[in-house]
file work.txt (compact mmCIF, C-alpha atoms)
# COMPACT_ATOMS: atom_id res chain seq x y z
CA MET A 110 1.78 1.71 9.20
CA LEU A 111 3.12 -1.30 7.32
CA SER A 112 4.23 -3.01 10.53
CA VAL A 113 0.74 -2.58 12.02
CA VAL A 114 -0.87 -4.17 8.95
CA ASN A 115 1.75 -6.91 9.03
CA ARG A 116 1.00 -7.72 12.67
CA VAL A 117 -2.75 -7.67 12.14
CA LEU A 118 -2.49 -10.03 9.16
CA LEU A 119 -0.20 -12.32 11.13
CA GLY A 120 -2.71 -12.39 13.99
CA VAL A 121 -5.67 -13.07 11.68
CA VAL A 122 -3.85 -15.94 9.93
CA GLY A 123 -2.80 -17.38 13.31
CA LEU A 124 -6.33 -17.19 14.70
CA ALA A 125 -7.79 -18.77 11.57
CA LEU A 126 -5.32 -21.66 11.68
CA ALA A 127 -5.89 -22.15 15.41
CA GLY A 128 -9.66 -22.15 14.82
CA VAL A 129 -9.45 -24.77 12.07
CA GLY A 130 -7.21 -26.91 14.31
CA ALA A 131 -9.63 -26.58 17.23
CA VAL A 132 -12.59 -27.55 15.03
CA ALA A 133 -10.75 -30.62 13.75
CA LEU A 134 -9.66 -31.69 17.25
CA ALA A 135 -13.06 -31.08 18.84
CA GLY A 136 -14.85 -33.15 16.22
CA TRP A 137 -17.25 -30.43 15.10
CA PRO A 138 -18.59 -30.31 11.54
CA PRO A 139 -17.30 -31.17 8.98
CA PHE A 140 -15.38 -33.66 11.18
CA ASP A 141 -18.29 -34.71 13.35
CA GLY A 142 -18.49 -38.44 12.65
CA ARG A 143 -16.38 -41.15 14.22
CA GLY A 144 -15.30 -42.34 10.80
CA ASP A 145 -14.31 -38.87 9.52
CA VAL A 146 -10.61 -38.35 8.99
CA LEU A 147 -8.53 -35.60 7.50
CA LEU A 148 -7.03 -37.92 4.89
CA SER A 149 -8.97 -40.92 3.64
CA ARG A 150 -7.34 -44.29 3.04
CA ALA A 151 -7.29 -43.63 -0.70
CA ASP A 152 -5.56 -40.27 -0.15
CA ARG A 153 -2.97 -41.82 2.15
CA THR A 154 -2.16 -44.76 -0.12
CA ARG A 155 -2.15 -42.90 -3.43
CA TRP A 156 1.61 -42.19 -3.23
CA ARG A 157 2.59 -45.31 -1.25
CA ASP A 158 4.85 -46.61 -4.01
CA ALA A 159 6.72 -43.31 -4.21
CA GLY A 160 9.00 -43.38 -1.18
CA TRP A 161 9.84 -39.70 -1.53
CA TRP A 162 6.30 -38.36 -1.15
CA TRP A 163 5.69 -38.30 2.61
CA PRO A 164 9.22 -37.16 3.53
CA ALA A 165 8.84 -34.35 0.98
CA VAL A 166 5.47 -33.33 2.46
CA VAL A 167 6.86 -33.34 6.00
CA ALA A 168 9.96 -31.37 4.90
CA ALA A 169 7.84 -28.78 3.08
CA LEU A 170 5.59 -28.36 6.12
CA ALA A 171 8.65 -28.04 8.39
CA VAL A 172 10.14 -25.34 6.14
CA LEU A 173 6.79 -23.53 6.07
CA PHE A 174 6.61 -23.69 9.87
CA VAL A 175 10.15 -22.33 10.29
CA LEU A 176 9.47 -19.47 7.85
CA ALA A 177 6.25 -18.57 9.65
CA LEU A 178 8.05 -18.67 13.01
CA CYS A 179 10.82 -16.39 11.71
CA TRP A 180 8.21 -13.99 10.35
CA PHE A 181 6.45 -13.94 13.72
CA LEU A 182 9.67 -13.33 15.66
CA ALA A 183 10.62 -10.51 13.28
CA GLN A 184 7.38 -8.76 14.24
CA LEU A 185 8.36 -8.75 17.91
CA ARG A 186 11.77 -7.18 17.31
CA ARG A 187 12.16 -3.57 18.45
CA ARG A 188 12.99 -1.31 15.56
CA ARG A 189 13.66 1.92 17.46
CA LEU A 190 16.52 2.45 19.87
CA GLN A 191 15.07 3.17 23.30
CA GLU A 192 18.12 4.64 25.04
CA VAL A 193 21.68 5.76 24.34
CA LEU A 194 24.51 5.31 26.83
CA VAL A 195 26.31 8.62 27.38
CA GLU A 196 29.82 8.48 28.84
CA THR A 197 30.11 10.88 31.77
CA GLY A 198 33.87 10.47 32.27
CA ASP A 199 33.66 9.20 35.84
CA GLY A 200 33.53 5.51 34.94
CA GLU A 201 29.78 5.44 34.98
CA GLY A 202 27.35 6.48 32.32
CA ALA A 203 24.05 8.18 31.92
CA LEU A 204 21.14 7.04 29.82
CA LEU A 205 19.70 9.38 27.22
CA ARG A 206 16.27 8.57 25.84
CA GLY A 207 16.48 7.66 22.18
CA ARG A 208 13.42 9.74 21.37
CA ALA A 209 15.06 12.82 22.89
CA LEU A 210 18.12 12.42 20.66
CA GLU A 211 15.82 11.79 17.69
CA ALA A 212 13.88 14.97 18.48
CA ALA A 213 17.08 17.02 18.71
CA LEU A 214 18.35 15.60 15.41
CA LEU A 215 14.96 16.26 13.81
CA ALA A 216 14.88 19.88 14.96
CA ASP A 217 18.42 20.48 13.71
CA ALA A 218 17.74 18.80 10.37
CA GLU A 219 14.51 20.72 9.76
CA SER A 220 16.24 24.02 10.54
CA LEU A 221 18.76 23.54 7.71
CA ASP A 222 18.41 25.58 4.53
CA GLY A 223 16.66 23.63 1.81
CA VAL A 224 14.96 21.08 4.09
CA GLU A 225 11.17 21.12 4.06
CA ARG A 226 10.54 18.09 6.31
CA ALA A 227 12.65 15.46 8.01
CA HIS A 228 12.27 12.08 9.67
CA VAL A 229 14.77 10.55 12.12
CA LEU A 230 15.00 7.02 13.53
CA LEU A 231 17.75 5.71 15.80
CA ARG A 232 18.75 2.07 15.50
CA GLY A 233 21.63 -0.11 16.60
CA ARG A 234 22.97 -0.65 20.11
CA ARG A 235 22.82 1.82 22.93
CA THR A 236 26.61 2.22 22.88
CA THR A 237 26.83 2.51 19.08
CA PRO A 238 23.64 4.09 17.74
CA GLU A 239 23.00 4.64 14.05
CA ALA A 240 20.68 7.26 12.58
CA ARG A 241 18.34 6.69 9.68
CA MET A 242 17.14 9.98 8.30
CA GLY A 243 14.76 10.97 5.56
CA LEU A 244 14.90 14.51 4.24
CA VAL A 245 12.34 16.11 1.95
CA LEU A 246 14.15 18.90 0.14
CA GLU A 247 12.63 22.07 -1.17
CA PRO A 248 12.42 22.23 -4.98
CA ARG A 249 15.46 24.49 -5.42
CA ALA A 250 17.67 23.01 -2.68
CA GLU A 251 21.22 21.88 -3.35
CA PRO A 252 21.51 18.25 -2.14
CA THR A 253 25.30 18.32 -1.66
CA LEU A 254 25.20 21.54 0.36
CA THR A 255 22.32 20.22 2.45
CA LEU A 256 24.14 16.94 3.16
CA ASP A 257 27.34 18.78 4.07
CA ALA A 258 25.42 21.03 6.46
CA LEU A 259 23.60 18.04 7.95
CA ARG A 260 26.88 16.23 8.58
CA ALA A 261 28.76 19.27 9.89
CA GLU A 262 25.99 20.73 12.04
CA ALA A 263 23.18 18.37 13.06
CA LEU A 264 25.01 15.04 13.18
CA GLU A 265 28.16 16.53 14.71
CA ARG A 266 26.15 18.33 17.40
CA ALA A 267 24.23 15.14 18.25
CA ARG A 268 27.43 13.08 18.29
CA SER A 269 29.32 15.46 20.55
CA SER A 270 26.41 16.14 22.92
CA ALA A 271 25.83 12.41 23.43
CA GLY A 272 29.57 11.80 23.90
CA LEU A 273 29.74 9.30 21.04
CA GLU A 274 32.91 8.55 19.11
CA GLN A 275 30.91 8.32 15.92
CA LEU A 276 27.30 8.56 14.79
CA PRO A 277 26.88 6.88 11.41
CA ALA A 278 23.84 7.97 9.46
CA GLU A 279 21.94 6.77 6.43
CA VAL A 280 20.20 9.68 4.75
CA ARG A 281 17.53 9.34 2.08
CA LEU A 282 16.68 12.40 0.07
CA ARG A 283 13.47 13.26 -1.73
CA VAL A 284 12.36 16.45 -3.39
CA ALA A 285 9.07 18.01 -2.34
CA ARG A 286 6.38 18.17 -4.96
CA HIS A 287 5.73 21.57 -6.37
CA GLY A 288 3.45 23.05 -8.96
CA ALA A 289 4.65 23.98 -12.40
CA GLU A 290 5.79 27.52 -12.95
CA ARG A 291 4.11 29.37 -15.78
CA ALA A 292 5.71 32.10 -17.83
CA ARG A 293 3.68 35.02 -19.07

call {"tool": "encode", "arguments": {"input": "work.txt", "output": "structure tokens"}}
result
Amino acid sequence: MLSVVNRVLLGVVGLALAGVGAVALAGWPPFDGRGDVLLSRADRTRWRDAGWWWPAVVAALAVLFVLALCWFLAQLRRRRLQEVLVETGDGEGALLRGRALEAALLADAESLDGVERAHVLLRGRRTTPEARMGLVLEPRAEPTLTLDALRAEALERARSSAGLEQLPAEVRLRVARHGAERAR
């Protein structure tokens, strides 16, 4: 959800800046007269004696432009691994959809004792994928036992079925909310 909001805000800011630039270039109000300029003579000559002023303004605008460009390019980057290369042993390989491996990992993780919900995301390269997992544990679950079972069962099964040498994983644990118990 955050990436959608980020992209929408980036688009709105870009459209607003493009609109202001188009208005200024087209000569529409408030820049509709021949004598209208963005910076008046007094504004341009105010810092004439300070030789650092205009280079500093240009440098600040250049840094702002580069930061905005980096932000924009970061929005276009794919976050989810689309496919995993599976070695078939005959010198060629097969492609496994990343979502299929995610779904298998998710089903295995949610079937473990003590796991209420799970979330799986594959990242990295198609020859060396990495899993990012989020587990919501039941209130009385043992985190160490759950992590050991996840590593020994779900991650090992996914690694061996995809023919990978290793499948590193980052696992974030949370405990599910539960109501207070009352004694009578």

call {"tool": "residues_around", "arguments": {"input": "work.txt", "residues": "range 283-285 of chain A", "least_positions_apart": "2", "cutoff": "8 Å", "atoms": "only C-alpha atoms", "output": "PyMOL selection string"}}
result
chain A and resi 225+243-248+281+287

call {"tool": "closest_atom_pairs", "arguments": {"input": "work.txt", "of": "range 147-239 of chain A", "to": "range 269-280 of chain A", "cutoff": "9 Å", "atoms": "all atoms listed in the file", "output": "CSV"}}
result
residue,atom,partner,partner_atom,distance
A:Val193,CA,A:Ala271,CA,7.9
A:Leu194,CA,A:Ala271,CA,8.0
A:Val195,CA,A:Ala271,CA,5.5
A:Glu196,CA,A:Gly272,CA,6.0
A:Thr197,CA,A:Gly272,CA,7.9
A:Leu205,CA,A:Ala271,CA,7.8
A:Leu210,CA,A:Ala271,CA,8.2
A:Thr236,CA,A:Leu273,CA,8.0
A:Thr237,CA,A:Leu276,CA,7.4
A:Pro238,CA,A:Leu276,CA,6.5
A:Glu239,CA,A:Pro277,CA,5.2

call {"tool": "write_last_selection", "arguments": {"input": "work.txt", "atoms": "C-alpha atoms", "output": "CSV table (one decimal), keeping the file's coordinate frame"}}
result
chain,number,residue,atom,x,y,z
A,193,VAL,CA,21.7,5.8,24.3
A,194,LEU,CA,24.5,5.3,26.8
A,195,VAL,CA,26.3,8.6,27.4
A,196,GLU,CA,29.8,8.5,28.8
A,197,THR,CA,30.1,10.9,31.8
A,205,LEU,CA,19.7,9.4,27.2
A,210,LEU,CA,18.1,12.4,20.7
A,236,THR,CA,26.6,2.2,22.9
A,237,THR,CA,26.8,2.5,19.1
A,238,PRO,CA,23.6,4.1,17.7
A,239,GLU,CA,23.0,4.6,14.0

call {"tool": "closest_residue", "arguments": {"input": "work.txt", "among": "A:Glu192, A:Glu201, A:Glu211, A:Asp152", "to": "Ala240 in chain A", "atoms": "only C-alpha atoms"}}
result
A:Glu211

call {"tool": "closest_residue", "arguments": {"input": "work.txt", "among": "A:Leu221, A:Val166, A:Val129, A:Leu214", "to": "Glu265 in chain A", "atoms": "only C-alpha atoms"}}
result
A:Leu214

call {"tool": "atom_distance", "arguments": {"input": "work.txt", "atom1": "CA of Gly207 in chain A", "atom2": "CA of Ala263 in chain A"}}
result
15.6 Å

call {"tool": "closest_residue", "arguments": {"input": "work.txt", "among": "A:His228, A:Arg235, A:Arg157, A:Arg260", "to": "Ala216 in chain A", "atoms": "all atoms listed in the file"}}
result
A:His228

call {"tool": "closest_residue", "arguments": {"input": "work.txt", "among": "A:Ala159, A:Val132, A:Leu230, A:Val114", "to": "Leu190 in chain A", "atoms": "all atoms listed in the file"}}
result
A:Leu230

call {"tool": "axis_aligned_box", "arguments": {"input": "work.txt", "around": "range 160-177 of chain A", "padding_each_side": "6 Å", "output": "JSON"}}
result
{"center_x": 7.8, "center_y": -31.0, "center_z": 4.4, "size_x": 16.7, "size_y": 36.8, "size_z": 23.8}

call {"tool": "closest_residue", "arguments": {"input": "work.txt", "among": "A:Gly136, A:Ala203, A:Leu182, A:Leu282", "to": "Met242 in chain A", "atoms": "only C-alpha atoms"}}
result
A:Leu282

call {"tool": "closest_residue", "arguments": {"input": "work.txt", "among": "A:Arg234, A:Phe174, A:Val224, A:Arg189", "to": "Pro252 in chain A", "atoms": "all atoms listed in the file"}}
result
A:Val224
